[in-house]
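Structure file final.cif (mmCIF, C-alpha atoms) follows.
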```
data_target
loop_
_atom_site.label_atom_id
_atom_site.label_comp_id
_atom_site.auth_asym_id
_atom_site.auth_seq_id
_atom_site.Cartn_x
_atom_site.Cartn_y
_atom_site.Cartn_z
CA MET A 1 57.37 -17.86 -57.71
CA ARG A 2 56.72 -15.62 -54.73
CA GLU A 3 53.63 -14.22 -56.40
CA GLN A 4 52.37 -17.71 -57.20
CA ARG A 5 52.93 -18.89 -53.63
CA SER A 6 51.20 -15.78 -52.40
CA GLY A 7 48.28 -16.50 -54.75
CA HIS A 8 47.98 -20.11 -53.58
CA GLY A 9 48.17 -18.99 -49.94
CA ALA A 10 45.47 -16.40 -50.51
CA ARG A 11 43.24 -19.00 -52.13
CA ARG A 12 43.89 -21.36 -49.20
CA VAL A 13 43.00 -18.59 -46.72
CA ARG A 14 39.85 -17.74 -48.68
CA ARG A 15 38.86 -21.41 -48.90
CA SER A 16 39.59 -21.85 -45.17
CA SER A 17 37.64 -18.71 -44.28
CA ALA A 18 34.78 -19.82 -46.47
CA ALA A 19 34.77 -23.24 -44.82
CA VAL A 20 34.74 -21.72 -41.35
CA ALA A 21 31.96 -19.35 -42.38
CA THR A 22 29.99 -22.25 -43.80
CA VAL A 23 30.39 -24.21 -40.58
CA LEU A 24 29.34 -21.20 -38.53
CA VAL A 25 26.28 -20.66 -40.71
CA LEU A 26 25.36 -24.33 -40.40
CA LEU A 27 25.85 -24.31 -36.65
CA SER A 28 23.84 -21.11 -36.36
CA ALA A 29 21.10 -22.58 -38.52
CA GLN A 30 21.12 -25.76 -36.46
CA ALA A 31 20.94 -23.75 -33.25
CA CYS A 32 18.05 -21.70 -34.56
CA ALA A 33 16.33 -24.81 -35.85
CA SER A 34 16.76 -26.56 -32.51
CA LYS A 35 15.20 -23.60 -30.76
CA SER A 36 12.33 -23.02 -33.11
CA ASP A 37 11.59 -26.72 -33.40
CA VAL A 38 11.24 -27.26 -29.65
CA THR A 39 7.65 -27.06 -28.47
CA ILE A 40 6.65 -27.88 -24.94
CA ASP A 41 3.11 -28.78 -23.90
CA VAL A 42 1.73 -27.09 -20.81
CA LEU A 43 -1.49 -28.14 -19.08
CA MET A 44 -2.79 -25.07 -17.27
CA VAL A 45 -5.61 -24.22 -14.90
CA ASP A 46 -8.20 -21.79 -16.20
CA ASN A 47 -8.05 -18.60 -14.14
CA PRO A 48 -7.79 -14.92 -15.13
CA GLN A 49 -4.06 -14.63 -14.50
CA MET A 50 -3.39 -17.32 -17.10
CA VAL A 51 -4.74 -15.12 -19.90
CA GLU A 52 -1.87 -12.69 -19.40
CA LEU A 53 0.58 -15.57 -19.09
CA GLN A 54 -0.36 -16.93 -22.51
CA GLN A 55 -0.01 -13.50 -24.10
CA LEU A 56 3.32 -12.76 -22.44
CA THR A 57 4.63 -16.20 -23.35
CA ALA A 58 4.01 -15.42 -27.01
CA THR A 59 5.41 -11.89 -26.93
CA GLU A 60 8.23 -12.22 -24.40
CA PHE A 61 9.28 -15.80 -23.64
CA THR A 62 9.21 -17.47 -27.06
CA PRO A 63 11.02 -14.65 -28.95
CA ARG A 64 13.76 -14.64 -26.30
CA THR A 65 14.25 -18.40 -26.00
CA GLY A 66 12.89 -19.81 -29.24
CA ILE A 67 10.83 -22.29 -27.20
CA LYS A 68 7.26 -22.54 -28.34
CA VAL A 69 4.59 -23.31 -25.76
CA ASN A 70 1.39 -25.16 -26.55
CA PHE A 71 -1.18 -24.50 -23.81
CA THR A 72 -4.09 -26.73 -22.86
CA VAL A 73 -6.34 -24.77 -20.50
CA LEU A 74 -8.99 -26.50 -18.37
CA PRO A 75 -11.28 -25.55 -15.46
CA GLU A 76 -9.95 -26.61 -12.08
CA ASN A 77 -11.91 -29.85 -11.58
CA ARG A 78 -11.30 -31.07 -15.14
CA LEU A 79 -7.64 -30.12 -14.88
CA ARG A 80 -7.17 -32.19 -11.72
CA ASP A 81 -8.75 -35.21 -13.41
CA GLU A 82 -6.55 -34.78 -16.48
CA VAL A 83 -3.39 -34.38 -14.39
CA ASP A 84 -4.29 -37.51 -12.42
CA ARG A 85 -4.72 -39.55 -15.61
CA GLU A 86 -1.60 -38.21 -17.30
CA PHE A 87 0.72 -38.43 -14.33
CA THR A 88 -0.43 -41.95 -13.57
CA ALA A 89 0.12 -43.05 -17.17
CA GLN A 90 3.36 -41.03 -17.62
CA ALA A 91 2.62 -40.95 -21.35
CA GLY A 92 4.56 -37.75 -21.89
CA LYS A 93 1.56 -35.85 -23.23
CA TYR A 94 2.52 -32.78 -21.20
CA ASP A 95 5.89 -31.43 -20.18
CA VAL A 96 4.56 -29.06 -17.51
CA ALA A 97 1.27 -28.95 -15.62
CA SER A 98 -0.45 -26.71 -13.10
CA VAL A 99 -0.33 -28.44 -9.74
CA SER A 100 -1.22 -27.18 -6.29
CA ASN A 101 0.34 -27.85 -2.91
CA PHE A 102 -2.38 -30.46 -2.42
CA GLU A 103 -1.18 -32.71 -5.27
CA THR A 104 2.54 -31.94 -5.33
CA PRO A 105 3.64 -34.06 -2.33
CA ILE A 106 1.41 -36.89 -3.54
CA TYR A 107 2.88 -36.93 -7.06
CA ALA A 108 6.39 -36.50 -5.68
CA GLY A 109 5.93 -39.56 -3.48
CA ARG A 110 4.84 -41.54 -6.54
CA HIS A 111 7.90 -40.38 -8.57
CA GLN A 112 5.65 -38.69 -11.13
CA LEU A 113 7.25 -35.25 -10.86
CA LYS A 114 10.86 -34.28 -11.44
CA ALA A 115 12.67 -32.84 -8.45
CA LEU A 116 13.79 -29.28 -9.22
CA ASP A 117 16.77 -28.82 -6.90
CA SER A 118 19.33 -29.48 -9.63
CA TYR A 119 17.75 -26.67 -11.68
CA THR A 120 17.15 -24.14 -8.93
CA LYS A 121 20.59 -24.27 -7.30
CA ASP A 122 22.33 -22.45 -10.17
CA ASP A 123 19.41 -20.39 -11.50
CA SER A 124 19.88 -16.85 -10.22
CA THR A 125 16.87 -15.67 -12.20
CA PHE A 126 14.60 -18.05 -10.30
CA ASP A 127 16.32 -17.41 -6.93
CA VAL A 128 14.96 -20.21 -4.78
CA LYS A 129 16.02 -18.40 -1.58
CA ASP A 130 13.50 -15.67 -2.36
CA LEU A 131 10.55 -18.09 -2.11
CA ILE A 132 8.38 -17.54 0.97
CA ALA A 133 9.20 -20.47 3.25
CA PRO A 134 5.69 -21.87 3.92
CA ILE A 135 4.92 -21.77 0.19
CA ALA A 136 8.15 -23.56 -0.72
CA ASP A 137 7.72 -26.08 2.10
CA SER A 138 4.25 -26.97 0.88
CA LEU A 139 5.70 -27.92 -2.53
CA ARG A 140 8.33 -30.32 -1.20
CA GLY A 141 8.12 -34.08 -1.49
CA PRO A 142 8.60 -36.68 1.23
CA ASP A 143 12.35 -36.44 0.58
CA GLY A 144 12.41 -32.71 1.34
CA ARG A 145 13.21 -31.66 -2.22
CA LEU A 146 11.30 -28.99 -4.17
CA TYR A 147 9.00 -30.50 -6.81
CA ALA A 148 7.05 -27.50 -8.13
CA ALA A 149 7.70 -23.82 -8.84
CA PRO A 150 4.99 -21.55 -7.37
CA PHE A 151 3.07 -19.21 -9.66
CA TYR A 152 1.02 -17.48 -7.01
CA GLY A 153 0.21 -18.07 -3.35
CA GLU A 154 -2.56 -17.24 -0.94
CA SER A 155 -3.74 -17.56 2.62
CA SER A 156 -7.05 -16.48 4.14
CA ILE A 157 -8.08 -13.23 5.82
CA LEU A 158 -11.15 -11.47 7.13
CA MET A 159 -12.30 -8.64 4.88
CA TYR A 160 -14.81 -6.17 6.31
CA ARG A 161 -16.53 -2.88 5.57
CA THR A 162 -14.79 -0.33 7.77
CA ASP A 163 -17.61 2.19 7.38
CA VAL A 164 -20.38 -0.24 8.27
CA LEU A 165 -18.70 -1.66 11.38
CA GLY A 166 -17.46 1.80 12.33
CA ASN A 167 -20.98 3.23 12.25
CA LEU A 168 -22.05 0.46 14.63
CA GLY A 169 -19.15 1.22 16.98
CA ILE A 170 -17.52 -2.14 16.33
CA ARG A 171 -13.72 -2.37 16.45
CA LEU A 172 -12.09 -5.72 15.77
CA PRO A 173 -8.48 -6.54 16.76
CA ALA A 174 -5.83 -7.42 14.17
CA THR A 175 -6.47 -11.11 14.91
CA PRO A 176 -10.11 -11.42 15.97
CA THR A 177 -11.67 -14.46 17.58
CA TRP A 178 -14.50 -16.26 15.87
CA GLN A 179 -16.83 -15.18 18.68
CA GLN A 180 -15.94 -11.53 18.03
CA VAL A 181 -16.63 -12.02 14.34
CA SER A 182 -19.94 -13.72 15.09
CA ASP A 183 -20.98 -10.90 17.45
CA ALA A 184 -20.10 -8.28 14.80
CA ALA A 185 -22.01 -10.18 12.11
CA GLU A 186 -25.11 -10.41 14.31
CA ALA A 187 -24.88 -6.69 15.11
CA VAL A 188 -24.94 -5.90 11.39
CA GLU A 189 -27.87 -8.26 10.94
CA HIS A 190 -29.83 -6.64 13.79
CA ALA A 191 -29.18 -3.15 12.38
CA LYS A 192 -31.63 -4.02 9.58
CA ASN A 193 -29.82 -1.90 7.01
CA GLY A 194 -30.46 -4.35 4.19
CA MET A 195 -27.06 -5.95 4.68
CA HIS A 196 -26.16 -9.39 6.03
CA GLY A 197 -23.36 -9.78 8.54
CA ILE A 198 -20.98 -12.16 6.78
CA CYS A 199 -20.42 -14.31 3.72
CA LEU A 200 -18.82 -17.74 4.08
CA ARG A 201 -18.58 -20.50 1.50
CA GLY A 202 -21.58 -22.76 1.89
CA GLN A 203 -21.39 -24.24 -1.57
CA PRO A 204 -20.54 -27.96 -1.55
CA GLY A 205 -17.04 -28.97 -2.60
CA TRP A 206 -13.76 -29.89 -0.93
CA GLY A 207 -12.32 -26.62 -2.22
CA ASN A 208 -15.46 -24.63 -1.46
CA MET A 209 -17.16 -25.04 1.92
CA ILE A 210 -14.56 -27.42 3.32
CA ALA A 211 -11.60 -25.03 2.93
CA PRO A 212 -12.73 -22.26 5.33
CA LEU A 213 -14.59 -24.75 7.53
CA THR A 214 -11.43 -26.81 8.07
CA THR A 215 -9.50 -23.72 9.18
CA MET A 216 -12.25 -23.18 11.76
CA ILE A 217 -12.02 -26.83 12.82
CA ASN A 218 -8.25 -26.42 13.27
CA THR A 219 -8.50 -23.36 15.48
CA PHE A 220 -11.32 -24.90 17.55
CA GLY A 221 -8.87 -27.69 18.37
CA GLY A 222 -10.26 -30.31 16.01
CA THR A 223 -8.91 -32.34 13.10
CA TRP A 224 -10.19 -34.81 10.52
CA PHE A 225 -7.61 -37.46 11.50
CA ASP A 226 -4.95 -37.72 14.16
CA ALA A 227 -1.38 -38.82 13.45
CA GLY A 228 -2.34 -42.49 13.66
CA TRP A 229 -5.15 -42.12 11.10
CA ASN A 230 -7.82 -42.35 13.76
CA VAL A 231 -10.98 -40.54 12.66
CA ARG A 232 -11.70 -37.48 14.82
CA THR A 233 -14.80 -36.08 13.11
CA ASP A 234 -16.95 -37.10 16.08
CA ALA A 235 -14.73 -35.33 18.63
CA PRO A 236 -16.33 -32.43 20.53
CA GLU A 237 -13.97 -29.87 18.95
CA PHE A 238 -14.83 -30.95 15.41
CA ARG A 239 -18.55 -30.99 16.16
CA GLU A 240 -18.42 -27.57 17.87
CA ALA A 241 -16.64 -25.97 14.92
CA VAL A 242 -19.09 -27.37 12.38
CA ARG A 243 -22.06 -26.26 14.46
CA PHE A 244 -20.57 -22.77 14.90
CA TYR A 245 -19.96 -22.41 11.15
CA LEU A 246 -23.48 -23.47 10.18
CA ASP A 247 -25.11 -21.44 12.96
CA LEU A 248 -23.22 -18.32 11.87
CA LEU A 249 -24.53 -18.77 8.33
CA HIS A 250 -28.07 -19.24 9.63
CA LYS A 251 -27.96 -16.23 11.97
CA ALA A 252 -26.02 -13.68 9.94
CA GLY A 253 -25.02 -15.23 6.62
CA GLU A 254 -25.92 -14.42 3.06
CA ASP A 255 -29.14 -15.50 1.42
CA VAL A 256 -29.11 -19.16 0.34
CA PRO A 257 -25.59 -19.84 1.71
CA GLU A 258 -25.43 -23.32 0.19
CA ARG A 259 -25.13 -21.63 -3.22
CA SER A 260 -22.32 -19.26 -2.23
CA GLY A 261 -18.73 -19.93 -3.17
CA TYR A 262 -15.72 -17.66 -3.60
CA GLN A 263 -17.06 -15.55 -6.46
CA GLU A 264 -20.56 -15.28 -5.05
CA CYS A 265 -19.18 -13.93 -1.78
CA ALA A 266 -16.88 -11.51 -3.59
CA THR A 267 -19.82 -10.16 -5.52
CA ALA A 268 -21.96 -9.93 -2.37
CA ILE A 269 -19.51 -7.76 -0.45
CA GLU A 270 -18.72 -5.62 -3.49
CA GLN A 271 -22.43 -4.98 -4.06
CA GLY A 272 -23.00 -4.04 -0.42
CA LYS A 273 -25.04 -7.13 0.45
CA VAL A 274 -22.73 -8.32 3.28
CA ALA A 275 -20.43 -6.52 5.70
CA MET A 276 -17.73 -9.16 6.16
CA TRP A 277 -16.14 -11.93 4.14
CA TYR A 278 -13.71 -14.59 5.35
CA ASP A 279 -11.89 -16.09 2.38
CA SER A 280 -8.76 -16.08 0.23
CA THR A 281 -6.29 -13.22 0.33
CA ALA A 282 -6.66 -13.18 -3.47
CA GLY A 283 -10.09 -11.60 -3.02
CA ALA A 284 -8.53 -8.36 -1.84
CA ALA A 285 -7.24 -7.50 -5.30
CA GLN A 286 -10.77 -7.66 -6.67
CA LEU A 287 -12.17 -5.49 -3.88
CA GLU A 288 -9.43 -2.88 -4.37
CA ALA A 289 -9.64 -2.77 -8.16
CA PRO A 290 -10.20 0.72 -9.66
CA THR A 291 -13.69 -0.34 -10.76
CA SER A 292 -14.70 -1.78 -7.38
CA ALA A 293 -17.62 -0.06 -5.63
CA VAL A 294 -16.03 -0.71 -2.23
CA ARG A 295 -12.45 0.31 -3.02
CA SER A 296 -10.80 1.96 0.02
CA ARG A 297 -13.73 0.98 2.25
CA ILE A 298 -12.43 -2.49 3.16
CA GLY A 299 -10.29 -3.44 6.12
CA TYR A 300 -8.15 -6.59 6.24
CA LEU A 301 -7.54 -8.70 9.35
CA SER A 302 -5.85 -12.02 10.08
CA ALA A 303 -7.93 -15.19 9.92
CA PRO A 304 -10.13 -15.49 13.03
CA VAL A 305 -8.85 -17.80 15.77
CA LEU A 306 -10.01 -19.52 18.93
CA LYS A 307 -7.46 -21.90 20.49
CA THR A 308 -4.59 -21.41 18.02
CA SER A 309 -2.58 -18.24 17.45
CA THR A 310 -3.08 -18.35 13.67
CA ALA A 311 -5.70 -19.96 11.45
CA GLY A 312 -5.09 -18.94 7.84
CA TRP A 313 -4.96 -21.54 5.14
CA LEU A 314 -2.17 -21.97 2.58
CA TYR A 315 -2.61 -22.57 -1.12
CA THR A 316 -0.54 -22.16 -4.23
CA TRP A 317 -0.87 -22.95 -7.90
CA ALA A 318 2.51 -24.01 -9.18
CA TRP A 319 4.28 -25.53 -12.16
CA GLY A 320 5.26 -29.18 -12.00
CA MET A 321 7.48 -30.98 -14.53
CA GLU A 322 6.23 -34.39 -15.52
CA GLU A 323 8.81 -37.12 -14.90
CA SER A 324 8.42 -38.48 -18.44
CA THR A 325 9.04 -35.19 -20.27
CA ASP A 326 11.37 -35.33 -23.28
CA HIS A 327 12.29 -31.66 -22.87
CA PRO A 328 13.28 -31.12 -19.24
CA ASP A 329 15.65 -28.20 -19.90
CA GLU A 330 13.13 -26.33 -22.02
CA ALA A 331 10.39 -27.13 -19.52
CA TRP A 332 12.50 -25.66 -16.72
CA LYS A 333 13.22 -22.49 -18.71
CA PHE A 334 9.49 -21.93 -19.01
CA MET A 335 8.81 -22.76 -15.36
CA SER A 336 11.63 -20.54 -14.14
CA TRP A 337 10.44 -17.64 -16.26
CA ALA A 338 6.74 -18.06 -15.40
CA SER A 339 7.43 -18.18 -11.65
CA GLY A 340 10.52 -15.98 -11.46
CA ARG A 341 10.94 -12.63 -9.77
CA ASP A 342 10.72 -10.64 -12.99
CA TYR A 343 7.50 -12.20 -14.28
CA GLN A 344 5.33 -10.46 -11.69
CA ARG A 345 6.78 -7.08 -12.60
CA LEU A 346 6.19 -7.85 -16.27
CA ALA A 347 2.60 -8.93 -15.66
CA GLY A 348 2.08 -5.93 -13.42
CA LYS A 349 2.84 -3.59 -16.29
CA VAL A 350 0.04 -5.23 -18.26
CA VAL A 351 -2.73 -5.64 -15.67
CA GLY A 352 -1.53 -3.50 -12.76
CA GLN A 353 0.69 -4.67 -9.92
CA ALA A 354 -2.21 -5.43 -7.58
CA LYS A 355 -3.66 -7.97 -10.03
CA ALA A 356 -0.35 -9.63 -10.93
CA PRO A 357 0.40 -13.05 -9.39
CA ALA A 358 1.91 -12.59 -5.94
CA GLY A 359 2.17 -14.31 -2.60
CA THR A 360 5.21 -16.46 -3.39
CA ARG A 361 8.28 -14.25 -2.93
CA TYR A 362 9.70 -12.10 -0.16
CA SER A 363 10.93 -9.56 -2.72
CA THR A 364 7.36 -8.81 -3.80
CA TYR A 365 6.67 -7.22 -0.43
CA ASN A 366 9.73 -4.98 -0.70
CA ASP A 367 8.88 -3.81 -4.21
CA PRO A 368 7.86 -0.11 -4.15
CA GLU A 369 5.80 -0.45 -7.34
CA TYR A 370 3.83 -3.37 -5.96
CA LEU A 371 3.30 -1.74 -2.58
CA ALA A 372 2.15 1.49 -4.22
CA ASP A 373 -0.61 -0.37 -6.05
CA ALA A 374 -1.45 -3.10 -3.50
CA GLY A 375 -0.69 -1.28 -0.27
CA ALA A 376 -4.18 -1.72 1.17
CA PHE A 377 -3.80 -5.49 1.45
CA ALA A 378 -0.14 -6.33 0.78
CA MET A 379 1.04 -6.56 4.39
CA PRO A 380 -2.03 -8.41 5.75
CA THR A 381 -1.56 -10.92 2.94
CA PHE A 382 2.16 -11.30 3.61
CA LEU A 383 1.60 -11.76 7.34
CA SER A 384 -1.11 -14.35 6.72
CA ILE A 385 1.06 -16.40 4.38
CA THR A 386 4.21 -16.22 6.49
CA SER A 387 2.51 -16.97 9.81
CA VAL A 388 1.18 -20.43 8.93
CA ASP A 389 2.89 -23.81 8.85
CA PRO A 390 1.41 -26.53 6.61
CA ARG A 391 2.93 -29.19 8.87
CA LYS A 392 1.48 -27.73 12.07
CA ALA A 393 -2.08 -26.79 11.24
CA GLY A 394 -3.69 -27.25 14.65
CA LEU A 395 -3.16 -28.40 18.20
CA GLN A 396 -2.21 -32.00 17.47
CA PRO A 397 0.03 -33.90 15.02
CA ARG A 398 -1.57 -34.84 11.69
CA PRO A 399 -0.89 -37.72 9.31
CA THR A 400 -0.14 -35.37 6.38
CA ALA A 401 0.80 -31.76 5.74
CA GLY A 402 -1.93 -29.35 4.77
CA ILE A 403 -4.06 -26.76 6.55
CA GLN A 404 -7.44 -26.62 4.81
CA PHE A 405 -7.18 -30.16 3.48
CA VAL A 406 -5.77 -33.59 4.23
CA ALA A 407 -3.14 -34.29 1.58
CA VAL A 408 -4.29 -37.68 0.30
CA PRO A 409 -6.11 -38.24 -3.02
CA GLU A 410 -9.19 -39.58 -1.26
CA PHE A 411 -9.81 -36.27 0.50
CA ARG A 412 -11.22 -34.75 -2.67
CA GLN A 413 -14.14 -37.16 -2.56
CA LEU A 414 -14.38 -37.18 1.23
CA GLY A 415 -14.46 -33.40 1.45
CA THR A 416 -16.98 -33.06 -1.36
CA GLN A 417 -19.34 -35.68 0.06
CA ALA A 418 -19.01 -34.25 3.57
CA SER A 419 -19.86 -30.77 2.30
CA GLN A 420 -22.90 -32.13 0.48
CA ALA A 421 -24.11 -33.63 3.75
CA LEU A 422 -23.59 -30.30 5.54
CA ALA A 423 -25.31 -28.38 2.74
CA GLY A 424 -28.31 -30.59 3.50
CA VAL A 425 -28.20 -29.25 7.06
CA LEU A 426 -28.16 -25.67 5.76
CA GLU A 427 -31.17 -26.43 3.61
CA GLY A 428 -33.00 -27.99 6.54
CA LYS A 429 -33.16 -31.40 4.89
CA THR A 430 -30.80 -33.14 7.32
CA LYS A 431 -30.04 -32.96 11.04
CA LEU A 432 -26.49 -32.15 12.02
CA ASP A 433 -26.08 -35.33 14.06
CA ASP A 434 -27.11 -37.43 11.07
CA ALA A 435 -24.74 -35.55 8.74
CA LEU A 436 -21.83 -35.99 11.15
CA ALA A 437 -22.59 -39.69 11.48
CA ASP A 438 -22.44 -40.00 7.68
CA ILE A 439 -19.18 -38.05 7.59
CA ARG A 440 -17.71 -40.35 10.22
CA GLY A 441 -18.47 -43.36 8.02
CA MET A 442 -16.93 -41.70 4.97
CA ALA A 443 -13.79 -40.72 6.88
CA GLU A 444 -13.39 -44.21 8.33
CA LYS A 445 -13.19 -45.71 4.84
CA VAL A 446 -10.30 -43.39 4.01
CA ALA A 447 -8.51 -43.94 7.30
CA ALA A 448 -8.75 -47.71 7.05
CA GLN A 449 -6.68 -47.68 3.84
CA TYR A 450 -3.83 -45.78 5.47
CA ARG A 451 -3.84 -47.59 8.81
CA LYS A 452 -3.13 -50.77 6.85
CA LYS A 453 -0.10 -49.11 5.27
#
```
For this file, write the structure as structure tokens.
Amino acid sequence: MREQRSGHGARRVRRSSAAVATVLVLLSAQACASKSDVTIDVLMVDNPQMVELQQLTATEFTPRTGIKVNFTVLPENRLRDEVDREFTAQAGKYDVASVSNFETPIYAGRHQLKALDSYTKDDSTFDVKDLIAPIADSLRGPDGRLYAAPFYGESSILMYRTDVLGNLGIRLPATPTWQQVSDAAEAVEHAKNGMHGICLRGQPGWGNMIAPLTTMINTFGGTWFDAGWNVRTDAPEFREAVRFYLDLLHKAGEDVPERSGYQECATAIEQGKVAMWYDSTAGAAQLEAPTSAVRSRIGYLSAPVLKTSTAGWLYTWAWGMEESTDHPDEAWKFMSWASGRDYQRLAGKVVGQAKAPAGTRYSTYNDPEYLADAGAFAMPTFLSITSVDPRKAGLQPRPTAGIQFVAVPEFRQLGTQASQALAGVLEGKTKLDDALADIRGMAEKVAAQYRKK
């Protein structure tokens, strides 16, 4: 009897153990299936840093999380149009999209992006407190909550050939004035060494010519609109800044300035065609690359000023979660990873620390590995980004946040059309007074919409 009871008990234990094992196997299979079956769709801007992101997502993120990522990659202008259509429709086509600090407050105000505070507060990997304050502030909505996770950030600086200016006996302060920059550019031009004084974006586009020009307008004391949406493009300060910008290009700028954008200027200074370049801090990594012909011959100064103490712009590409996503948790895991502290170190091992996405976190500028590789421009970049305030871009209150843009959807068209009018001045087809009169009419149409509101 004892042996029989023992036999029955053993069979019960074996059956129970087998049942538990079966349940565990099923649960494990279900867990694996749920991971491997989850695919999120990410709409991403086409820039060089995204190539590494796609590769590292496949080799690092998906194996660790089981979340597959389907990327749609588009050039900047096409991406903005696609994001506009998708976020307006809220069709759920994408879970995550590349958004900048221009669009983020707009989409947040329309309830088209998910607020991220509930995710960031307990995510030590993301570490929201490590985000550089101006970058984080530029990605907040009208309610003050964070609506996008920054991938990389930039401001603007003056890059110059130390050897060329040194040979001419020119020494610029850490924060030069625009008049000092203009004088230095003309000195290079008069030296007749086959090199122009400066390269500035003259190519039409709200993100081309208008970006650096608006920083000049700010520091000259001008603005596109005042806080009451009154148009100020005909104010003396606005007019003076525009005239100064165009005159500088005429006197000491690159050949055919209306065809020069970011990459054209980068190429010009790297090939020894210009001595100075005022543009994005991101350009420094290209100039200091191991293959660059001007590596270690470039100096980096704060954005030139006139009436303000700082004048750099502020820009960031970030990850925004579409409100209609069906996979918010998986979307956040991707966003947190792709903008977290460790991603830059990971990318740096692939492409070199100086070329990895930066400009978003305080910890980056305390990282010995990053500083060893990007030391030539790391601190000027950090100081430029941390010294600006997107809500206080000039001498007077503005109707929206933003330094090199006015954060309303209509500014894309306004800025582009205004730059086309000014390109006509560069080409000698239009008089400045006529171009400014046209710009005034364009700006008034935008302002009228918001004064009514």
Report as JSON lines the residues of stretch 339-424 of chain A within 10 Å of stretch 254-268 of chain A, each with its shortest atom pair and distance in Å (one decimal), using all atoms listed in the file, ordered by chain and increasing residue number.
```
{"residue": "A:Ser419", "atom": "CA", "partner": "A:Glu258", "partner_atom": "CA", "distance": 9.5}
{"residue": "A:Gln420", "atom": "CA", "partner": "A:Glu258", "partner_atom": "CA", "distance": 9.2}
{"residue": "A:Leu422", "atom": "CA", "partner": "A:Glu258", "partner_atom": "CA", "distance": 9.0}
{"residue": "A:Ala423", "atom": "CA", "partner": "A:Glu258", "partner_atom": "CA", "distance": 5.7}
{"residue": "A:Gly424", "atom": "CA", "partner": "A:Glu258", "partner_atom": "CA", "distance": 8.5}
```
Dump of C-alpha atoms for the selected residues, as a PDB file, keeping the file's coordinate frame:
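Dumped to again_26.pdb:
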```pdb
ATOM      1  CA  SER A 419     -19.860 -30.770   2.300  1.00  0.00           C
ATOM      2  CA  GLN A 420     -22.900 -32.130   0.480  1.00  0.00           C
ATOM      3  CA  LEU A 422     -23.590 -30.300   5.540  1.00  0.00           C
ATOM      4  CA  ALA A 423     -25.310 -28.380   2.740  1.00  0.00           C
ATOM      5  CA  GLY A 424     -28.310 -30.590   3.500  1.00  0.00           C
TER       6      GLY A 424
END
```
For A:Lys68, which of A:Gln344, A:Gln54, A:Ser124, A:Thr325 is the closest residue, counting only C-alpha atoms?
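Ranked by minimum distance to A:Lys68, first place goes to A:Gln54.
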Who sits within 10 Å of A:Asp127, all atoms listed in the file, same chain under 5 positions skipped, as a PyMOL selection string:
chain A and resi 120-122+336+340-341+361
Mind pulling up the distance from atom CA of A:Asp46 to atom CA of A:Pro212?
22.0 Å
Please compute the atom CA of A:Tyr94-atom CA of A:Phe126 distance, one decimal, in Å.
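Taking atom CA of A:Tyr94 and atom CA of A:Phe126, their separation equals 21.9 Å.
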